[in-house]
Structure formats: C-alpha cells, structure tokens
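Structure below is entry.json: JSON, C-alpha atoms.
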[["chain", "number", "residue", "atom", "x", "y", "z"],
["A", 7, "MET", "CA", 0.00, 0.00, 0.00],
["A", 8, "ARG", "CA", 1.23, 3.49, -0.82],
["A", 9, "ARG", "CA", 0.95, 6.77, 1.06],
["A", 10, "TYR", "CA", -0.43, 9.82, -0.71],
["A", 11, "GLU", "CA", -1.11, 13.44, 0.07],
["A", 12, "SER", "CA", -3.83, 15.47, -1.66],
["A", 13, "VAL", "CA", -4.02, 19.23, -1.34],
["A", 14, "ILE", "CA", -7.45, 20.46, -2.34],
["A", 15, "ILE", "CA", -8.63, 24.03, -2.88],
["A", 16, "LEU", "CA", -12.35, 24.55, -2.32],
["A", 17, "ASP", "CA", -14.58, 27.49, -3.17],
["A", 18, "PRO", "CA", -14.05, 29.99, -0.30],
["A", 19, "ASP", "CA", -17.73, 31.03, -0.36],
["A", 20, "LEU", "CA", -18.97, 27.61, 0.78],
["A", 21, "PRO", "CA", -20.62, 27.57, 4.20],
["A", 22, "GLU", "CA", -19.00, 25.53, 6.97],
["A", 23, "GLU", "CA", -21.68, 22.81, 6.83],
["A", 24, "ALA", "CA", -21.12, 22.25, 3.11],
["A", 25, "ARG", "CA", -17.34, 22.02, 3.59],
["A", 26, "GLU", "CA", -17.75, 19.51, 6.42],
["A", 27, "GLY", "CA", -20.07, 17.46, 4.18],
["A", 28, "LEU", "CA", -17.45, 17.41, 1.41],
["A", 29, "PHE", "CA", -14.70, 16.40, 3.86],
["A", 30, "GLN", "CA", -16.91, 13.57, 5.12],
["A", 31, "LYS", "CA", -17.69, 12.48, 1.56],
["A", 32, "LEU", "CA", -13.97, 12.25, 0.73],
["A", 33, "SER", "CA", -13.20, 10.44, 3.99],
["A", 34, "ASP", "CA", -15.95, 7.91, 3.26],
["A", 35, "LEU", "CA", -14.66, 7.43, -0.28],
["A", 36, "ILE", "CA", -11.18, 6.64, 1.03],
["A", 37, "ALA", "CA", -12.60, 4.10, 3.48],
["A", 38, "GLN", "CA", -14.84, 2.49, 0.80],
["A", 39, "GLN", "CA", -11.88, 1.98, -1.53],
["A", 40, "GLY", "CA", -9.92, 0.16, 1.18],
["A", 41, "GLY", "CA", -7.71, 3.10, 2.08],
["A", 42, "PHE", "CA", -6.74, 4.54, 5.43],
["A", 43, "LEU", "CA", -7.08, 8.26, 6.22],
["A", 44, "VAL", "CA", -4.03, 9.26, 8.24],
["A", 45, "ASP", "CA", -4.71, 12.96, 8.70],
["A", 46, "THR", "CA", -6.94, 15.79, 7.55],
["A", 47, "ASP", "CA", -5.28, 19.17, 7.88],
["A", 48, "VAL", "CA", -7.49, 22.22, 7.32],
["A", 49, "TRP", "CA", -5.46, 25.27, 6.35],
["A", 50, "GLY", "CA", -8.39, 27.62, 5.84],
["A", 51, "ASN", "CA", -8.88, 30.56, 3.47],
["A", 52, "ARG", "CA", -5.72, 31.71, 1.71],
["A", 53, "LYS", "CA", -4.89, 34.11, -1.07],
["A", 54, "LEU", "CA", -4.28, 32.36, -4.38],
["A", 55, "ALA", "CA", -1.26, 33.11, -6.56],
["A", 56, "TYR", "CA", -3.65, 33.73, -9.43],
["A", 57, "GLU", "CA", -7.42, 33.83, -9.76],
["A", 58, "ILE", "CA", -9.20, 30.53, -10.29],
["A", 59, "ARG", "CA", -12.72, 30.85, -11.66],
["A", 60, "LYS", "CA", -12.60, 34.59, -10.85],
["A", 61, "LYS", "CA", -11.87, 33.92, -7.17],
["A", 62, "PRO", "CA", -8.79, 35.52, -5.59],
["A", 63, "ARG", "CA", -8.99, 33.29, -2.49],
["A", 64, "GLY", "CA", -9.45, 29.57, -1.83],
["A", 65, "PHE", "CA", -10.12, 27.27, 1.11],
["A", 66, "TYR", "CA", -7.21, 24.82, 1.47],
["A", 67, "VAL", "CA", -7.37, 21.35, 2.99],
["A", 68, "ARG", "CA", -4.79, 18.54, 2.98],
["A", 69, "PHE", "CA", -5.65, 14.84, 3.09],
["A", 70, "ASP", "CA", -2.90, 12.39, 4.07],
["A", 71, "PHE", "CA", -3.98, 8.83, 3.26],
["A", 72, "CYS", "CA", -2.83, 5.35, 2.36],
["A", 73, "GLY", "CA", -4.27, 3.42, -0.55],
["A", 74, "THR", "CA", -3.82, 2.13, -4.07],
["A", 75, "GLY", "CA", -3.69, 3.78, -7.45],
["A", 76, "ALA", "CA", -7.35, 2.90, -7.99],
["A", 77, "LEU", "CA", -8.24, 4.91, -4.88],
["A", 78, "VAL", "CA", -6.37, 7.95, -6.19],
["A", 79, "ASP", "CA", -8.12, 7.63, -9.57],
["A", 80, "GLU", "CA", -11.55, 7.47, -7.93],
["A", 81, "LEU", "CA", -10.76, 10.35, -5.58],
["A", 82, "GLU", "CA", -9.59, 12.58, -8.43],
["A", 83, "ARG", "CA", -12.61, 11.59, -10.55],
["A", 84, "ASN", "CA", -14.89, 12.80, -7.75],
["A", 85, "LEU", "CA", -12.89, 16.02, -7.40],
["A", 86, "ARG", "CA", -13.21, 16.71, -11.17],
["A", 87, "ILE", "CA", -16.97, 16.17, -11.17],
["A", 88, "ASP", "CA", -17.81, 18.56, -8.31],
["A", 89, "ASP", "CA", -17.56, 22.28, -9.17],
["A", 90, "ARG", "CA", -17.05, 23.23, -5.53],
["A", 91, "PHE", "CA", -13.46, 21.99, -5.79],
["A", 92, "LEU", "CA", -11.34, 24.63, -7.55],
["A", 93, "LYS", "CA", -8.05, 22.72, -7.78],
["A", 94, "TYR", "CA", -6.41, 19.59, -6.39],
["A", 95, "MET", "CA", -3.07, 17.87, -6.50],
["A", 96, "THR", "CA", -2.16, 14.39, -5.28],
["A", 97, "VAL", "CA", 1.44, 13.50, -4.51],
["A", 98, "LEU", "CA", 2.98, 10.11, -3.71],
["A", 99, "LEU", "CA", 4.74, 10.32, -0.33],
["A", 100, "ASP", "CA", 5.92, 6.73, 0.14],
["A", 101, "ARG", "CA", 5.81, 3.63, -2.07],
["A", 102, "GLU", "CA", 5.78, 1.06, 0.75],
["A", 103, "VAL", "CA", 3.99, 1.84, 4.01],
["A", 104, "ASP", "CA", 3.74, -0.26, 7.15],
["A", 105, "LEU", "CA", 0.03, 0.27, 7.66],
["A", 106, "GLU", "CA", -0.14, -1.42, 11.07],
["A", 107, "ALA", "CA", 2.64, 0.79, 12.48],
["A", 108, "LEU", "CA", 0.93, 3.85, 11.02],
["A", 109, "LYS", "CA", -2.40, 2.89, 12.60],
["A", 110, "ALA", "CA", -0.70, 2.29, 15.96],
["A", 111, "ALA", "CA", 1.04, 5.67, 15.79],
["A", 112, "LYS", "CA", -2.24, 7.41, 14.96],
["A", 113, "ALA", "CA", -4.05, 5.64, 17.81],
["A", 114, "GLU", "CA", -1.29, 6.66, 20.23],
["A", 115, "GLU", "CA", -1.44, 10.25, 19.00],
["A", 116, "GLU", "CA", -5.22, 10.36, 19.45],
["A", 117, "ALA", "CA", -4.90, 8.91, 22.96],
["A", 118, "GLU", "CA", -2.36, 11.58, 23.92],
["A", 119, "LYS", "CA", -4.60, 14.27, 22.46],
["A", 120, "ALA", "CA", -7.61, 12.96, 24.40],
["A", 121, "ALA", "CA", -5.57, 12.85, 27.62],
["A", 122, "ALA", "CA", -4.40, 16.42, 27.08],
["A", 123, "GLU", "CA", -7.97, 17.59, 26.47],
["A", 124, "ALA", "CA", -9.15, 15.75, 29.58],
["A", 125, "ALA", "CA", -6.40, 17.37, 31.64],
["A", 126, "GLU", "CA", -7.39, 20.81, 30.36],
["A", 127, "SER", "CA", -11.09, 20.32, 31.00],
["A", 128, "SER", "CA", -10.75, 18.97, 34.58],
["A", 129, "PRO", "CA", -8.95, 21.53, 36.75],
["A", 130, "GLU", "CA", -6.69, 20.03, 39.39],
["A", 131, "PRO", "CA", -7.22, 21.21, 42.96],
["A", 132, "THR", "CA", -4.28, 23.48, 43.72],
["A", 133, "ALA", "CA", -3.56, 26.28, 46.10],
["A", 134, "THR", "CA", -3.93, 28.99, 43.50],
["A", 135, "THR", "CA", -5.09, 31.58, 46.01],
["A", 136, "ALA", "CA", -1.64, 31.75, 47.62],
["A", 137, "ASP", "CA", -0.04, 32.12, 44.20],
["A", 138, "THR", "CA", -2.32, 34.91, 43.03],
["A", 139, "GLU", "CA", -2.25, 37.03, 46.18],
["A", 140, "THR", "CA", 0.31, 39.80, 46.34],
["A", 141, "PRO", "CA", 2.97, 39.78, 49.09],
["A", 142, "GLU", "CA", 1.29, 42.75, 50.82],
["A", 143, "GLU", "CA", -1.87, 40.70, 51.26],
["A", 144, "THR", "CA", -0.20, 37.55, 52.63],
["A", 145, "ASP", "CA", 2.57, 38.95, 54.84],
["A", 146, "THR", "CA", 1.64, 40.72, 58.06],
["A", 147, "SER", "CA", 5.19, 41.57, 59.09],
["A", 148, "ASP", "CA", 8.27, 42.56, 57.11],
["A", 149, "GLU", "CA", 10.54, 40.28, 59.17],
["A", 150, "THR", "CA", 9.13, 37.00, 57.86],
["A", 151, "ALA", "CA", 9.37, 37.86, 54.17],
["A", 152, "PRO", "CA", 13.22, 37.72, 53.86],
["A", 153, "GLU", "CA", 13.40, 34.44, 55.79],
["A", 154, "THR", "CA", 10.82, 32.84, 53.54],
["A", 155, "ALA", "CA", 12.60, 34.01, 50.43],
["A", 156, "SER", "CA", 15.98, 32.75, 51.62],
["A", 157, "ALA", "CA", 14.52, 29.35, 52.51],
["A", 158, "GLU", "CA", 13.03, 29.07, 49.03],
["A", 159, "GLU", "CA", 16.31, 30.14, 47.45],
["A", 160, "ASP", "CA", 18.26, 27.57, 49.50],
["A", 161, "GLN", "CA", 15.86, 24.85, 48.40],
["A", 162, "THR", "CA", 16.18, 25.72, 44.70],
["A", 163, "ASP", "CA", 19.97, 26.04, 45.02],
["A", 164, "SER", "CA", 20.20, 22.57, 46.55],
["A", 165, "GLU", "CA", 17.96, 21.13, 43.83],
["A", 166, "GLU", "CA", 20.16, 22.68, 41.15],
["A", 167, "ALA", "CA", 23.35, 21.51, 42.85],
["A", 168, "ALA", "CA", 22.20, 17.90, 43.22],
["A", 169, "PRO", "CA", 22.50, 17.02, 39.50],
["A", 170, "ALA", "CA", 25.91, 18.72, 39.31],
["A", 171, "VAL", "CA", 27.20, 16.72, 42.29],
["A", 172, "ALA", "CA", 25.86, 13.53, 40.74],
["A", 173, "GLU", "CA", 27.62, 14.29, 37.44],
["A", 174, "GLU", "CA", 30.91, 15.00, 39.23],
["A", 175, "SER", "CA", 30.73, 11.73, 41.15],
["A", 176, "VAL", "CA", 30.07, 9.79, 37.93],
["A", 177, "ALA", "CA", 33.02, 11.49, 36.25],
["A", 178, "ALA", "CA", 35.27, 10.74, 39.23],
["A", 179, "ALA", "CA", 34.22, 7.07, 39.21],
["A", 180, "GLU", "CA", 35.18, 6.79, 35.54],
["A", 181, "GLU", "CA", 38.69, 8.25, 36.06],
["A", 182, "PRO", "CA", 41.38, 5.73, 37.04],
["A", 183, "THR", "CA", 42.82, 6.02, 40.53],
["A", 184, "GLU", "CA", 46.53, 6.50, 41.18],
["A", 185, "THR", "CA", 47.14, 2.81, 41.82],
["A", 186, "GLU", "CA", 45.34, 1.80, 38.62],
["A", 187, "SER", "CA", 47.28, 4.31, 36.54],
["A", 188, "LYS", "CA", 50.64, 3.10, 37.98],
["A", 189, "GLU", "CA", 49.81, -0.52, 37.17],
["A", 190, "ALA", "CA", 48.98, 0.32, 33.59]]
The structure given in the file should be rewritten as structure tokens.
Amino acid sequence: MRRYESVIILDPDLPEEAREGLFQKLSDLIAQQGGFLVDTDVWGNRKLAYEIRKKPRGFYVRFDFCGTGALVDELERNLRIDDRFLKYMTVLLDREVDLEALKAAKAEEEAEKAAAEAAESSPEPTATTADTETPEETDTSDETAPETASAEEDQTDSEEAAPAVAEESVAAAEEPTETESKEA
C-alpha cells in the first residue's frame, strides 16, 4: 500500500456545513476503496497566486492517506466532477507503508490528544489563592518575608546543585585512581 497526500482548494464562499459534508464524503470514499485516512489538515482561506474561476482566495485542505492507485483515480474523478473543488493535486509520499505501524502511531497520538484535552477540562485542585495574592496581602510583618525568600532560594539552590554533584561523582568514578594508573 502506498501513502499519498492530496491538497485540495475549495470554493471559499462555501458555508461551513457544506465544507464539512465534502470532507466527510472524501473520507468515506477513502474508506470504501480500502484506504486509510491518516490525517486531515485544514489550512483555511488563503490568497491564491492567481485567480481561479474569478476567485482571488481559496479554502485549502490537505488529506494524508494510504491506498492504491485505484483509490487515487476514484478520488480525483470525484474532485473533477464537483464544481465546488477549484483545484487539487495528489502527490505520492511513500511507495511502501507499514500500515499497522501507522495505525498504531495514529491511535497513540489520538490517545495523547484525548488525555491532554481531559487534563485541560478537569482543573486540578491546587492552592492557586496563595499564588495569586500579592505579598502585601499575605505577609503581616516585614521580618518573615526575607526568611521565607531565603529558605526558598536555599531549596532551589540545593535542587540545582544535586545534579551537578551527581555528574561529578560519575566522572570521578570513571577516572582511574593512582594505583590503577601506575599498574597500567
């Protein structure tokens, strides 16, 4: 199976519902022909280099899919028939594709995306009130502020120093000792 990329320019005056219907139609066509849709990348309205059918702008979308030559022929036939598509171009990306590895990578990517969306939608309980208050609101005396700051600085300094100490000890362990160097 081969991997292809089709860049399609649609009429910019199409409403969102019509565009979504066309994207779904093309996705269904790829699935019906035994292909696998890897990615749909919507670029949006862009200025054209030259006018196409008296339109200075076009709506760009990119389809990344795997399939056969027959799938590409059928896809391009459908793009030629429909006047809502201004231009299209299909390019061969890879002659031999490991479809199972590609599907696994896409599934992993979608899982990461879903986890990121879930993390954004469910706020974690944190002490944000202490972070957002100004020092004048939290401190009642000027004497405690310098001590708190120095304790925080000492903690960050020790955290930064810990990796450096670990690196030095590893480097020292790798160097030969005096007795080892004399024997060699």
With the cut-off set at 12 Å and counting all atoms listed in the file, tabulate each residue of region 39-59 of chain A with an atom at most that distance from an atom of region 78-86 of chain A, showing the nearest atom pair and its distance in Å to one decimal, ordered by chain and increasing number, as JSON lines.
{"residue": "A:Gln39", "atom": "CA", "partner": "A:Glu80", "partner_atom": "CA", "distance": 8.4}
{"residue": "A:Gly40", "atom": "CA", "partner": "A:Val78", "partner_atom": "CA", "distance": 11.3}
{"residue": "A:Gly41", "atom": "CA", "partner": "A:Val78", "partner_atom": "CA", "distance": 9.7}
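CA of Asp70 (chain A) to CA of Ser12 (chain A) spans 6.6 Å [interatomic distance, one decimal].
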Name the closest residue to Asp88 (chain A) among the candidates A:Arg8, A:Arg63, A:Lys109, A:Lys31; distances are taken between atoms, counting all atoms listed in the file.
A:Lys31
Write out as a list in words the residues lying within 12 Å of Leu43 (chain A), counting only C-alpha atoms and excluding same-chain residues fewer than 6 positions away.
Arg8, Arg9, Tyr10, Glu11, Ser12, Phe29, Gln30, Leu32, Ser33, Asp34, Leu35, Ile36, Ala37, Arg68, Phe69, Asp70, Phe71, Cys72, Gly73, Leu77, Leu105, Leu108, Lys109 and Lys112 of chain A
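Using all atoms listed in the file, the contacts of region 55-60 of chain A at a cut-off of 10 Å, with sequence neighbours closer than 4 positions omitted, comprise Ile15, Asp17, Gly64, Leu92 and Lys93 of chain A.
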Filtering to C-alpha atoms, could you give me those residues as a PDB file, in the coordinates of the input?
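Okay, result05.pdb is ready:
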ATOM      1  CA  ILE A  15      -8.630  24.030  -2.880  1.00  0.00           C
ATOM      2  CA  ASP A  17     -14.580  27.490  -3.170  1.00  0.00           C
ATOM      3  CA  GLY A  64      -9.450  29.570  -1.830  1.00  0.00           C
ATOM      4  CA  LEU A  92     -11.340  24.630  -7.550  1.00  0.00           C
ATOM      5  CA  LYS A  93      -8.050  22.720  -7.780  1.00  0.00           C
TER       6      LYS A  93
END
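As for CA of Asp47 (chain A) and CA of Val67 (chain A), they are spaced 5.7 Å apart.
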Reconstruct region 32-61 of chain A at the level of N, CA and C atoms, and format the result as a PDB file, keeping the file's coordinate frame.
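Result file is rebuild_14.pdb:
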ATOM      1  N   LEU A  32     -15.295  12.719   1.143  1.00  0.00           N
ATOM      2  CA  LEU A  32     -13.970  12.250   0.730  1.00  0.00           C
ATOM      3  C   LEU A  32     -13.418  11.216   1.702  1.00  0.00           C
ATOM      4  N   SER A  33     -13.646  11.411   2.993  1.00  0.00           N
ATOM      5  CA  SER A  33     -13.200  10.440   3.990  1.00  0.00           C
ATOM      6  C   SER A  33     -13.893   9.095   3.788  1.00  0.00           C
ATOM      7  N   ASP A  34     -15.202   9.133   3.511  1.00  0.00           N
ATOM      8  CA  ASP A  34     -15.950   7.910   3.260  1.00  0.00           C
ATOM      9  C   ASP A  34     -15.466   7.209   1.998  1.00  0.00           C
ATOM     10  N   LEU A  35     -15.154   7.989   0.975  1.00  0.00           N
ATOM     11  CA  LEU A  35     -14.660   7.430  -0.280  1.00  0.00           C
ATOM     12  C   LEU A  35     -13.339   6.687  -0.063  1.00  0.00           C
ATOM     13  N   ILE A  36     -12.463   7.279   0.733  1.00  0.00           N
ATOM     14  CA  ILE A  36     -11.180   6.640   1.030  1.00  0.00           C
ATOM     15  C   ILE A  36     -11.405   5.324   1.758  1.00  0.00           C
ATOM     16  N   ALA A  37     -12.309   5.321   2.720  1.00  0.00           N
ATOM     17  CA  ALA A  37     -12.600   4.100   3.480  1.00  0.00           C
ATOM     18  C   ALA A  37     -13.260   3.041   2.587  1.00  0.00           C
ATOM     19  N   GLN A  38     -14.159   3.436   1.686  1.00  0.00           N
ATOM     20  CA  GLN A  38     -14.840   2.490   0.800  1.00  0.00           C
ATOM     21  C   GLN A  38     -13.873   1.817  -0.166  1.00  0.00           C
ATOM     22  N   GLN A  39     -12.857   2.521  -0.578  1.00  0.00           N
ATOM     23  CA  GLN A  39     -11.880   1.980  -1.530  1.00  0.00           C
ATOM     24  C   GLN A  39     -10.769   1.195  -0.839  1.00  0.00           C
ATOM     25  N   GLY A  40     -10.903   0.952   0.465  1.00  0.00           N
ATOM     26  CA  GLY A  40      -9.920   0.160   1.180  1.00  0.00           C
ATOM     27  C   GLY A  40      -8.704   0.955   1.629  1.00  0.00           C
ATOM     28  N   GLY A  41      -8.817   2.265   1.649  1.00  0.00           N
ATOM     29  CA  GLY A  41      -7.710   3.100   2.080  1.00  0.00           C
ATOM     30  C   GLY A  41      -7.792   3.425   3.555  1.00  0.00           C
ATOM     31  N   PHE A  42      -6.796   4.135   4.031  1.00  0.00           N
ATOM     32  CA  PHE A  42      -6.740   4.540   5.430  1.00  0.00           C
ATOM     33  C   PHE A  42      -6.406   6.019   5.479  1.00  0.00           C
ATOM     34  N   LEU A  43      -7.284   6.821   6.092  1.00  0.00           N
ATOM     35  CA  LEU A  43      -7.080   8.260   6.220  1.00  0.00           C
ATOM     36  C   LEU A  43      -6.188   8.523   7.422  1.00  0.00           C
ATOM     37  N   VAL A  44      -4.986   9.005   7.175  1.00  0.00           N
ATOM     38  CA  VAL A  44      -4.030   9.260   8.240  1.00  0.00           C
ATOM     39  C   VAL A  44      -4.322  10.582   8.917  1.00  0.00           C
ATOM     40  N   ASP A  45      -4.541  11.629   8.122  1.00  0.00           N
ATOM     41  CA  ASP A  45      -4.710  12.960   8.700  1.00  0.00           C
ATOM     42  C   ASP A  45      -5.477  13.860   7.745  1.00  0.00           C
ATOM     43  N   THR A  46      -6.285  14.738   8.305  1.00  0.00           N
ATOM     44  CA  THR A  46      -6.940  15.790   7.550  1.00  0.00           C
ATOM     45  C   THR A  46      -6.486  17.104   8.165  1.00  0.00           C
ATOM     46  N   ASP A  47      -5.837  17.924   7.379  1.00  0.00           N
ATOM     47  CA  ASP A  47      -5.280  19.170   7.880  1.00  0.00           C
ATOM     48  C   ASP A  47      -5.973  20.327   7.157  1.00  0.00           C
ATOM     49  N   VAL A  48      -6.761  21.101   7.899  1.00  0.00           N
ATOM     50  CA  VAL A  48      -7.490  22.220   7.320  1.00  0.00           C
ATOM     51  C   VAL A  48      -6.642  23.477   7.463  1.00  0.00           C
ATOM     52  N   TRP A  49      -6.278  24.062   6.337  1.00  0.00           N
ATOM     53  CA  TRP A  49      -5.460  25.270   6.350  1.00  0.00           C
ATOM     54  C   TRP A  49      -6.294  26.536   6.328  1.00  0.00           C
ATOM     55  N   GLY A  50      -7.505  26.463   5.842  1.00  0.00           N
ATOM     56  CA  GLY A  50      -8.390  27.620   5.840  1.00  0.00           C
ATOM     57  C   GLY A  50      -8.286  28.450   4.566  1.00  0.00           C
ATOM     58  N   ASN A  51      -8.871  29.653   4.620  1.00  0.00           N
ATOM     59  CA  ASN A  51      -8.880  30.560   3.470  1.00  0.00           C
ATOM     60  C   ASN A  51      -7.508  31.178   3.281  1.00  0.00           C
ATOM     61  N   ARG A  52      -7.021  31.132   2.057  1.00  0.00           N
ATOM     62  CA  ARG A  52      -5.720  31.710   1.710  1.00  0.00           C
ATOM     63  C   ARG A  52      -5.831  32.431   0.373  1.00  0.00           C
ATOM     64  N   LYS A  53      -4.943  33.384   0.198  1.00  0.00           N
ATOM     65  CA  LYS A  53      -4.890  34.110  -1.070  1.00  0.00           C
ATOM     66  C   LYS A  53      -4.236  33.212  -2.110  1.00  0.00           C
ATOM     67  N   LEU A  54      -4.822  33.166  -3.284  1.00  0.00           N
ATOM     68  CA  LEU A  54      -4.280  32.360  -4.380  1.00  0.00           C
ATOM     69  C   LEU A  54      -3.206  33.150  -5.127  1.00  0.00           C
ATOM     70  N   ALA A  55      -2.305  32.463  -5.756  1.00  0.00           N
ATOM     71  CA  ALA A  55      -1.260  33.110  -6.560  1.00  0.00           C
ATOM     72  C   ALA A  55      -1.870  33.769  -7.794  1.00  0.00           C
ATOM     73  N   TYR A  56      -2.924  33.168  -8.294  1.00  0.00           N
ATOM     74  CA  TYR A  56      -3.650  33.730  -9.430  1.00  0.00           C
ATOM     75  C   TYR A  56      -5.120  33.353  -9.259  1.00  0.00           C
ATOM     76  N   GLU A  57      -5.987  34.083  -9.898  1.00  0.00           N
ATOM     77  CA  GLU A  57      -7.420  33.830  -9.760  1.00  0.00           C
ATOM     78  C   GLU A  57      -7.799  32.510 -10.426  1.00  0.00           C
ATOM     79  N   ILE A  58      -8.641  31.763  -9.754  1.00  0.00           N
ATOM     80  CA  ILE A  58      -9.200  30.530 -10.290  1.00  0.00           C
ATOM     81  C   ILE A  58     -10.712  30.712 -10.298  1.00  0.00           C
ATOM     82  N   ARG A  59     -11.285  30.636 -11.481  1.00  0.00           N
ATOM     83  CA  ARG A  59     -12.720  30.850 -11.660  1.00  0.00           C
ATOM     84  C   ARG A  59     -13.169  32.181 -11.055  1.00  0.00           C
ATOM     85  N   LYS A  60     -12.361  33.212 -11.292  1.00  0.00           N
ATOM     86  CA  LYS A  60     -12.600  34.590 -10.850  1.00  0.00           C
ATOM     87  C   LYS A  60     -12.654  34.724  -9.331  1.00  0.00           C
ATOM     88  N   LYS A  61     -11.935  33.866  -8.642  1.00  0.00           N
ATOM     89  CA  LYS A  61     -11.870  33.920  -7.170  1.00  0.00           C
ATOM     90  C   LYS A  61     -10.419  34.162  -6.770  1.00  0.00           C
TER      91      LYS A  61
END
